[in-house]
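Source file: protein.cif (mmCIF, C-alpha atoms)
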```cif
data_final
#
loop_
_atom_site.label_atom_id
_atom_site.label_comp_id
_atom_site.auth_asym_id
_atom_site.auth_seq_id
_atom_site.Cartn_x
_atom_site.Cartn_y
_atom_site.Cartn_z
CA MET O 1 31.18 -7.49 17.09
CA TYR O 2 30.39 -9.92 14.27
CA THR O 3 27.32 -8.49 12.56
CA PRO O 4 27.06 -9.00 8.78
CA PHE O 5 23.52 -7.60 8.66
CA MET O 6 22.26 -4.53 10.49
CA GLN O 7 19.03 -2.59 10.39
CA ILE O 8 19.50 0.84 11.90
CA GLU O 9 16.54 3.12 12.58
CA PRO O 10 17.46 6.74 11.74
CA THR O 11 14.31 8.18 13.32
CA THR O 12 10.87 7.39 14.70
CA ARG O 13 9.49 10.64 13.29
CA CYS O 14 7.37 10.63 10.14
CA ASN O 15 5.40 13.12 8.06
CA TYR O 16 2.68 10.56 7.29
CA THR O 17 -0.09 9.22 9.54
CA CYS O 18 -0.45 5.53 8.62
CA GLY O 19 -2.70 3.88 11.20
CA PHE O 20 -0.71 0.64 11.25
CA CYS O 21 2.62 2.28 12.10
CA ALA O 22 4.00 1.70 15.59
CA GLY O 23 6.35 4.66 15.26
CA ARG O 24 3.76 7.33 16.06
CA SER O 25 3.22 5.70 19.47
CA LEU O 26 6.94 5.56 20.26
CA PRO O 27 9.04 8.44 21.63
CA GLN O 28 9.78 10.79 18.74
CA VAL O 29 13.54 10.84 18.37
CA ASP O 30 16.30 10.99 15.77
CA MET O 31 19.37 8.81 16.15
CA SER O 32 22.36 11.06 16.77
CA LEU O 33 25.35 10.96 14.46
CA GLU O 34 27.50 10.17 17.50
CA THR O 35 25.44 7.06 18.27
CA PHE O 36 25.63 5.98 14.65
CA GLN O 37 29.41 6.46 14.63
CA THR O 38 29.71 4.34 17.78
CA ILE O 39 27.71 1.55 16.15
CA ILE O 40 29.85 1.54 13.01
CA ASP O 41 33.08 1.67 15.01
CA ASN O 42 32.15 -1.46 16.96
CA VAL O 43 30.88 -3.88 14.32
CA ASP O 44 32.75 -5.88 11.72
CA HIS O 45 32.13 -8.10 8.68
CA LEU O 46 29.28 -5.79 7.69
CA GLU O 47 27.70 -6.82 4.37
CA HIS O 48 24.30 -5.12 4.24
CA VAL O 49 22.74 -2.25 6.18
CA GLU O 50 19.08 -1.24 6.02
CA LEU O 51 18.64 2.38 7.09
CA GLN O 52 15.00 2.24 8.05
CA GLY O 53 12.75 1.62 11.02
CA GLU O 54 9.39 3.00 12.12
CA GLY O 55 9.98 6.57 10.93
CA GLU O 56 10.79 8.27 7.62
CA PRO O 57 14.59 7.98 7.22
CA LEU O 58 14.99 11.19 5.26
CA MET O 59 13.59 13.21 8.17
CA ASN O 60 16.83 12.66 10.08
CA PRO O 61 18.99 15.64 9.05
CA HIS O 62 22.11 13.46 9.38
CA PHE O 63 20.87 10.66 7.10
CA PHE O 64 23.46 11.21 4.38
CA ASP O 65 26.19 11.81 6.95
CA MET O 66 25.38 8.32 8.21
CA VAL O 67 25.81 6.92 4.72
CA THR O 68 29.16 8.68 4.43
CA LEU O 69 30.35 7.11 7.70
CA LEU O 70 29.24 3.70 6.51
CA ARG O 71 31.05 4.00 3.19
CA LYS O 72 34.22 5.25 4.88
CA LYS O 73 34.65 2.10 6.99
CA PHE O 74 32.86 -0.40 4.73
CA PRO O 75 33.34 0.75 1.10
CA ASP O 76 31.59 -2.29 -0.38
CA VAL O 77 28.68 -2.60 2.04
CA LEU O 78 25.21 -2.77 0.51
CA ILE O 79 23.03 0.09 1.73
CA SER O 80 19.27 -0.05 1.31
CA MET O 81 16.35 1.93 2.64
CA ILE O 82 12.57 2.03 2.72
CA THR O 83 11.01 5.48 2.44
CA ASN O 84 7.50 6.84 1.97
CA GLY O 85 8.79 8.68 -1.11
CA SER O 86 7.37 12.06 -0.18
CA LEU O 87 10.75 13.75 0.34
CA PHE O 88 12.39 13.17 -3.03
CA THR O 89 13.46 16.78 -3.47
CA ASP O 90 16.09 17.66 -6.07
CA GLU O 91 18.68 17.85 -3.29
CA HIS O 92 17.76 14.48 -1.83
CA ILE O 93 17.73 12.86 -5.27
CA GLU O 94 21.22 14.17 -5.98
CA GLN O 95 22.44 12.85 -2.63
CA LEU O 96 20.82 9.45 -3.09
CA LEU O 97 22.79 9.15 -6.32
CA SER O 98 26.08 10.64 -5.16
CA HIS O 99 26.22 8.69 -1.89
CA GLY O 100 25.83 5.34 -3.61
CA ILE O 101 22.65 4.04 -2.03
CA ASN O 102 22.19 0.58 -3.54
CA LYS O 103 18.44 0.10 -3.20
CA VAL O 104 15.51 2.41 -2.50
CA MET O 105 12.12 0.88 -1.78
CA VAL O 106 9.04 3.10 -1.54
CA SER O 107 6.26 1.98 0.79
CA MET O 108 2.62 2.15 -0.25
CA GLU O 109 -0.65 0.24 -0.06
CA SER O 110 -2.67 1.62 -2.95
CA ALA O 111 -2.15 3.26 -6.34
CA ASP O 112 -5.50 5.01 -6.01
CA PRO O 113 -5.03 8.67 -4.94
CA VAL O 114 -8.11 8.74 -2.69
CA MET O 115 -7.30 5.45 -0.98
CA PHE O 116 -3.64 6.45 -0.67
CA ARG O 117 -4.53 9.68 1.12
CA MET O 118 -7.05 7.91 3.34
CA ILE O 119 -4.43 5.40 4.50
CA ARG O 120 -1.28 7.54 4.57
CA GLY O 121 -2.44 11.12 4.98
CA GLY O 122 -0.31 12.19 2.02
CA LYS O 123 -0.62 12.75 -1.71
CA LEU O 124 0.12 9.97 -4.18
CA SER O 125 0.86 12.59 -6.84
CA ARG O 126 3.78 13.90 -4.79
CA VAL O 127 5.26 10.43 -4.42
CA GLU O 128 4.75 9.70 -8.11
CA ARG O 129 6.46 12.95 -9.15
CA GLY O 130 9.37 12.24 -6.83
CA LEU O 131 9.78 8.69 -8.07
CA ALA O 132 9.65 9.80 -11.69
CA ALA O 133 12.28 12.47 -11.01
CA LEU O 134 14.54 9.97 -9.23
CA VAL O 135 14.33 7.49 -12.11
CA LYS O 136 14.85 10.21 -14.72
CA THR O 137 17.86 11.73 -12.94
CA ARG O 138 19.46 8.35 -12.32
CA ASP O 139 19.01 7.25 -15.92
CA ALA O 140 20.23 10.58 -17.31
CA SER O 141 23.42 10.22 -15.27
CA ARG O 142 23.89 6.70 -16.70
CA LYS O 143 23.98 5.20 -13.23
CA GLN O 144 22.65 1.76 -12.42
CA LEU O 145 22.01 2.55 -8.76
CA PRO O 146 19.98 2.91 -6.74
CA GLU O 147 17.62 0.22 -7.89
CA ILE O 148 14.13 1.50 -7.13
CA GLY O 149 11.15 -0.62 -6.15
CA LEU O 150 7.98 -0.78 -4.07
CA SER O 151 7.34 -2.19 -0.60
CA ILE O 152 3.64 -3.03 -0.30
CA THR O 153 1.64 -3.63 2.86
CA VAL O 154 -1.67 -5.32 2.02
CA LEU O 155 -4.78 -4.42 4.02
CA LYS O 156 -8.18 -6.09 3.74
CA LYS O 157 -9.46 -3.13 1.69
CA THR O 158 -6.42 -3.02 -0.60
CA VAL O 159 -6.12 -6.68 -1.61
CA ASP O 160 -7.67 -5.86 -4.98
CA GLN O 161 -5.22 -2.99 -5.51
CA LEU O 162 -2.34 -5.30 -6.50
CA ASP O 163 -3.04 -5.13 -10.24
CA ALA O 164 -3.10 -1.32 -10.13
CA ILE O 165 0.17 -1.31 -8.18
CA SER O 166 1.72 -3.50 -10.90
CA GLY O 167 0.67 -0.90 -13.45
CA PHE O 168 2.09 1.91 -11.31
CA TYR O 169 5.42 0.05 -11.05
CA ARG O 170 5.68 -0.51 -14.81
CA ARG O 171 4.53 2.98 -15.75
CA LEU O 172 7.29 4.59 -13.71
CA GLY O 173 9.97 2.27 -15.06
CA LEU O 174 10.97 0.93 -11.65
CA ASP O 175 13.51 -1.88 -11.47
CA GLY O 176 14.03 -2.82 -7.81
CA GLY O 177 11.18 -5.30 -7.60
CA VAL O 178 8.10 -5.41 -5.39
CA THR O 179 7.86 -6.84 -1.89
CA LEU O 180 4.46 -7.85 -0.52
CA GLN O 181 3.45 -8.33 3.10
CA LEU O 182 0.06 -8.67 4.71
CA LEU O 183 -0.84 -6.20 7.45
CA ASN O 184 1.00 -7.37 10.54
CA GLY O 185 -1.25 -9.21 12.98
CA MET O 186 1.34 -9.69 15.73
CA ASN O 187 0.68 -8.07 19.08
CA CYS O 188 3.84 -5.96 18.82
CA TYR O 189 1.94 -4.04 16.13
CA THR O 190 -1.75 -4.61 16.86
CA GLN O 191 -1.35 -3.04 20.31
CA TYR O 192 -1.08 0.26 18.43
CA TYR O 193 -4.04 -0.31 16.06
CA ASP O 194 -7.39 1.34 16.60
CA ASP O 195 -10.59 -0.62 15.92
CA GLU O 196 -10.71 0.52 12.30
CA MET O 197 -7.20 -0.73 11.64
CA LEU O 198 -7.79 -4.00 13.49
CA ALA O 199 -10.64 -4.62 11.07
CA GLN O 200 -8.15 -4.33 8.19
CA ILE O 201 -6.17 -7.44 9.17
CA PRO O 202 -6.82 -9.86 6.26
CA ASN O 203 -8.85 -12.99 7.05
CA LYS O 204 -8.52 -16.39 5.36
CA SER O 205 -10.57 -15.43 2.32
CA ASP O 206 -8.59 -12.21 1.94
CA VAL O 207 -5.35 -14.20 2.10
CA ALA O 208 -6.64 -16.59 -0.56
CA ARG O 209 -7.51 -13.65 -2.81
CA PHE O 210 -4.11 -12.10 -2.09
CA ASN O 211 -2.34 -15.32 -3.09
CA GLN O 212 -4.33 -15.43 -6.31
CA LEU O 213 -3.46 -11.86 -7.28
CA ALA O 214 0.16 -12.14 -6.16
CA ASN O 215 0.60 -15.02 -8.58
CA THR O 216 -0.66 -13.26 -11.71
CA PRO O 217 1.94 -13.02 -14.52
CA ALA O 218 2.20 -9.23 -14.11
CA MET O 219 2.89 -9.35 -10.38
CA GLN O 220 5.21 -12.34 -10.66
CA SER O 221 7.18 -10.42 -13.27
CA ASN O 222 7.56 -7.52 -10.85
CA LEU O 223 8.44 -9.81 -7.97
CA SER O 224 11.07 -11.70 -9.95
CA LYS O 225 12.74 -8.64 -11.47
CA ALA O 226 14.32 -7.38 -8.29
CA GLY O 227 17.53 -6.32 -10.01
CA SER O 228 21.03 -7.25 -8.90
CA VAL O 229 20.73 -5.85 -5.37
CA PRO O 230 18.91 -8.15 -2.93
CA GLY O 231 16.46 -6.65 -0.51
CA PHE O 232 17.74 -6.57 3.07
CA TYR O 233 15.37 -9.19 4.47
CA GLN O 234 15.77 -11.40 1.40
CA HIS O 235 19.54 -11.18 1.81
CA LEU O 236 19.46 -11.84 5.56
CA TYR O 237 17.15 -14.84 5.30
CA ALA O 238 19.09 -16.35 2.38
CA GLN O 239 22.14 -17.08 4.53
CA PRO O 240 22.89 -20.83 4.60
CA SER O 241 22.41 -22.78 7.80
CA ALA O 242 22.80 -26.48 8.56
CA LYS O 243 19.70 -26.45 10.76
CA PRO O 244 16.67 -24.23 11.39
CA THR O 245 17.82 -20.98 12.93
CA CYS O 246 16.94 -17.34 13.47
CA PRO O 247 18.87 -15.34 10.85
CA TRP O 248 18.69 -12.25 13.06
CA LEU O 249 20.28 -13.96 16.04
CA GLU O 250 22.90 -15.69 13.89
CA ASN O 251 23.93 -12.79 11.68
CA GLY O 252 21.96 -9.64 12.38
CA LEU O 253 21.15 -6.84 14.77
CA TYR O 254 18.53 -4.10 14.90
CA VAL O 255 19.36 -0.80 16.55
CA ALA O 256 16.47 1.53 17.36
CA ALA O 257 16.65 5.30 17.00
CA ASN O 258 17.19 5.68 20.75
CA GLY O 259 20.28 3.48 20.49
CA THR O 260 18.79 0.29 21.94
CA ALA O 261 20.18 -2.85 20.33
CA CYS O 262 17.44 -5.43 19.68
CA SER O 263 17.28 -9.03 18.54
CA CYS O 264 15.22 -8.16 15.46
CA CYS O 265 13.09 -5.53 13.76
CA MET O 266 9.89 -6.72 15.48
CA ILE O 267 11.00 -5.54 18.92
CA LYS O 268 9.16 -2.27 19.56
CA ASP O 269 9.39 -2.11 23.35
CA SER O 270 12.90 -1.15 24.47
CA ASN O 271 12.32 -3.23 27.60
CA ASP O 272 12.46 -6.30 25.33
CA GLY O 273 15.72 -5.15 23.75
CA PHE O 274 19.32 -5.59 24.80
CA GLU O 275 21.53 -2.75 26.02
CA ILE O 276 22.01 0.77 24.68
CA PHE O 277 24.65 0.44 21.98
CA ASN O 278 27.88 1.95 23.27
CA LYS O 279 31.49 0.80 23.38
CA GLU O 280 31.19 -0.54 26.91
CA ASN O 281 28.12 -2.67 26.12
CA VAL O 282 29.23 -4.34 22.87
CA SER O 283 30.35 -7.59 24.51
CA GLU O 284 27.19 -7.76 26.61
CA ILE O 285 24.97 -7.19 23.56
CA SER O 286 26.76 -10.00 21.73
CA ARG O 287 26.33 -12.27 24.77
CA GLN O 288 22.63 -11.46 25.06
CA ARG O 289 22.07 -12.14 21.37
CA SER O 290 23.75 -15.55 21.67
CA ALA O 291 21.77 -16.28 24.84
CA VAL O 292 18.43 -15.74 23.08
CA LEU O 293 19.43 -18.16 20.32
CA ALA O 294 20.59 -20.68 22.93
CA THR O 295 17.21 -20.36 24.66
CA LEU O 296 15.45 -21.24 21.39
CA TYR O 297 17.69 -24.26 20.89
CA SER O 298 16.89 -25.36 24.43
CA GLY O 299 13.27 -25.66 23.33
CA ASN O 300 12.01 -22.50 25.00
CA ILE O 301 10.64 -19.29 23.51
CA PRO O 302 11.43 -15.93 25.14
CA LYS O 303 8.39 -13.73 25.66
CA ALA O 304 9.54 -11.23 23.03
CA CYS O 305 9.71 -14.03 20.43
CA SER O 306 6.43 -15.76 21.35
CA GLU O 307 4.52 -14.83 18.17
CA CYS O 308 7.43 -15.28 15.79
CA GLY O 309 7.08 -18.05 13.20
CA THR O 310 10.85 -18.34 12.85
CA ALA O 311 11.33 -18.77 16.60
CA ASN O 312 8.61 -21.41 16.74
CA LYS O 313 10.27 -23.37 13.91
CA VAL O 314 13.59 -23.34 15.75
CA VAL O 315 11.95 -24.50 18.98
CA SER O 316 10.00 -27.21 17.16
CA TYR O 317 13.24 -28.48 15.65
CA ALA O 318 15.02 -28.37 19.02
CA ARG O 319 12.26 -30.33 20.75
CA ASN O 320 12.18 -32.97 18.01
CA VAL O 321 15.92 -33.61 18.06
CA GLY O 322 16.24 -33.23 21.82
#
```
Write the structure described by the file as structure tokens, please.
Amino acid sequence: MYTPFMQIEPTTRCNYTCGFCAGRSLPQVDMSLETFQTIIDNVDHLEHVELQGEGEPLMNPHFFDMVTLLRKKFPDVLISMITNGSLFTDEHIEQLLSHGINKVMVSMESADPVMFRMIRGGKLSRVERGLAALVKTRDASRKQLPEIGLSITVLKKTVDQLDAISGFYRRLGLDGGVTLQLLNGMNCYTQYYDDEMLAQIPNKSDVARFNQLANTPAMQSNLSKAGSVPGFYQHLYAQPSAKPTCPWLENGLYVAANGTACSCCMIKDSNDGFEIFNKENVSEISRQRSAVLATLYSGNIPKACSECGTANKVVSYARNVG
């Protein structure tokens, strides 16, 4: 199956309690190594794999076995991950280095310890110690990889935390860049928010303030210095196309921890996914993926894609040229 870009969810389990995470409302499951092997055996032309989903990747006891399987079949594939950074033990740090992970992004919303604990239910000091140890060990071994950066979700109450996050990034000597995204307001996520979290979706004035702070010299420096390894989504969406398209449906696939293949990372309900990924279903999954893209080019939006800006751009294009 032609799939240059894959995001594979190692687990839905997590040791944090972020109120905006859909994973805590999903069945708590680790992807089995057998399922992972089946996936790798049945895809080709793989360029970049993101080992991350709704859970904390390092909680799957087979995480590094998965990396080994990837490297065995695809020696040059880029492997990236997003982690909450709380499990950077000496053993995990050594394995991150020895297994050749290309990029490690650590998720956070605030560089203030009190705010961090309020949002995530964990200790910023633990993440900071782990990050510092990872950078120190990598540099002492004279390795360039993994590049290490921050993945920031911006809530209404954390918009003004961006400057402090820039300082945190520089102080730790990170080099993988910073990604910024506003708290997701799509129904696939908000259905899991309580009233307090719903109130944290940024409004227009918050977005204006966010844009102002995101364009300061310090933050722009962090955003532009993303190292030599592109982030997964940056890489996926940079693929050339002669007309508006959905990069996921053209070149990607998301596989949830339960083995369900999905059209993209925003699909949280398995009923909106394709088939369970096994050898017998590979052709059907490929057909279903192509069928969704064909539906968009026919000027129609499938229910699962209804809130997607990319899907709406494709449909708008299709209706204008049709």
Can you list what the PyMOL selection byres ((chain O and resi 47) around 8) grabs from this structure, as a ChimeraX atom specification? /O:4-5,45-46,48-49,76-78
Excluding segment 295-300 of chain O and residues on its chain fewer than 2 positions from it, collect all residues at most 7 Å away from it, counting only C-alpha atoms, and give them as a PyMOL selection string. chain O and resi 291-293+302+311+314-315+318-319
Using all atoms listed in the file, determine which residues lie at most 8 Å from Pro202 of chain O, disregarding the query and same-chain residues fewer than 3 positions distant; provide the list as a list in words. Leu155, Lys156, Leu182, Leu183, Ser205, Asp206 and Val207 of chain O
Taking the file as shown, find all residues satisfying the PyMOL selection byres ((chain O and resi 88-101) around 9) and write them as a ChimeraX atom specification. /O:58,64,67-68,71,78-81,85-87,102-104,126-127,129-131,133-134,137-138,143,145-147
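Nearest residue to Pro217 of chain O among O:Gln181, O:Val43, O:Ser283, O:Ser166 is O:Ser166, counting only C-alpha atoms.
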Please reconstruct the missing atoms of segment 218-232 of chain O (target: N, CA and C atoms) and return them as a compact mmCIF listing (two decimals), in the coordinates of the input.
```
# COMPACT_ATOMS: atom_id res chain seq x y z
N ALA O 218 1.69 -10.60 -14.26
CA ALA O 218 2.20 -9.23 -14.11
C ALA O 218 2.91 -9.06 -12.77
N MET O 219 2.27 -9.52 -11.69
CA MET O 219 2.89 -9.35 -10.38
C MET O 219 4.11 -10.25 -10.23
N GLN O 220 4.05 -11.46 -10.74
CA GLN O 220 5.21 -12.34 -10.66
C GLN O 220 6.40 -11.76 -11.42
N SER O 221 6.11 -11.08 -12.52
CA SER O 221 7.18 -10.42 -13.27
C SER O 221 7.84 -9.35 -12.41
N ASN O 222 7.02 -8.56 -11.73
CA ASN O 222 7.56 -7.52 -10.85
C ASN O 222 8.34 -8.11 -9.68
N LEU O 223 7.80 -9.19 -9.12
CA LEU O 223 8.44 -9.81 -7.97
C LEU O 223 9.78 -10.45 -8.34
N SER O 224 9.86 -11.00 -9.55
CA SER O 224 11.07 -11.70 -9.95
C SER O 224 12.15 -10.77 -10.47
N LYS O 225 11.76 -9.58 -10.93
CA LYS O 225 12.74 -8.64 -11.47
C LYS O 225 13.17 -7.66 -10.39
N ALA O 226 13.89 -8.20 -9.43
CA ALA O 226 14.32 -7.38 -8.29
C ALA O 226 15.71 -6.80 -8.49
N GLY O 227 16.23 -6.90 -9.72
CA GLY O 227 17.53 -6.32 -10.01
C GLY O 227 18.67 -7.14 -9.41
N SER O 228 19.84 -6.55 -9.38
CA SER O 228 21.03 -7.25 -8.90
C SER O 228 21.25 -7.08 -7.40
N VAL O 229 20.55 -6.13 -6.79
CA VAL O 229 20.73 -5.85 -5.37
C VAL O 229 19.62 -6.54 -4.57
N PRO O 230 19.96 -7.49 -3.72
CA PRO O 230 18.91 -8.15 -2.93
C PRO O 230 18.32 -7.21 -1.89
N GLY O 231 17.05 -7.38 -1.61
CA GLY O 231 16.46 -6.65 -0.51
C GLY O 231 17.10 -7.11 0.80
N PHE O 232 17.06 -6.25 1.81
CA PHE O 232 17.74 -6.57 3.07
C PHE O 232 17.23 -7.87 3.68
```
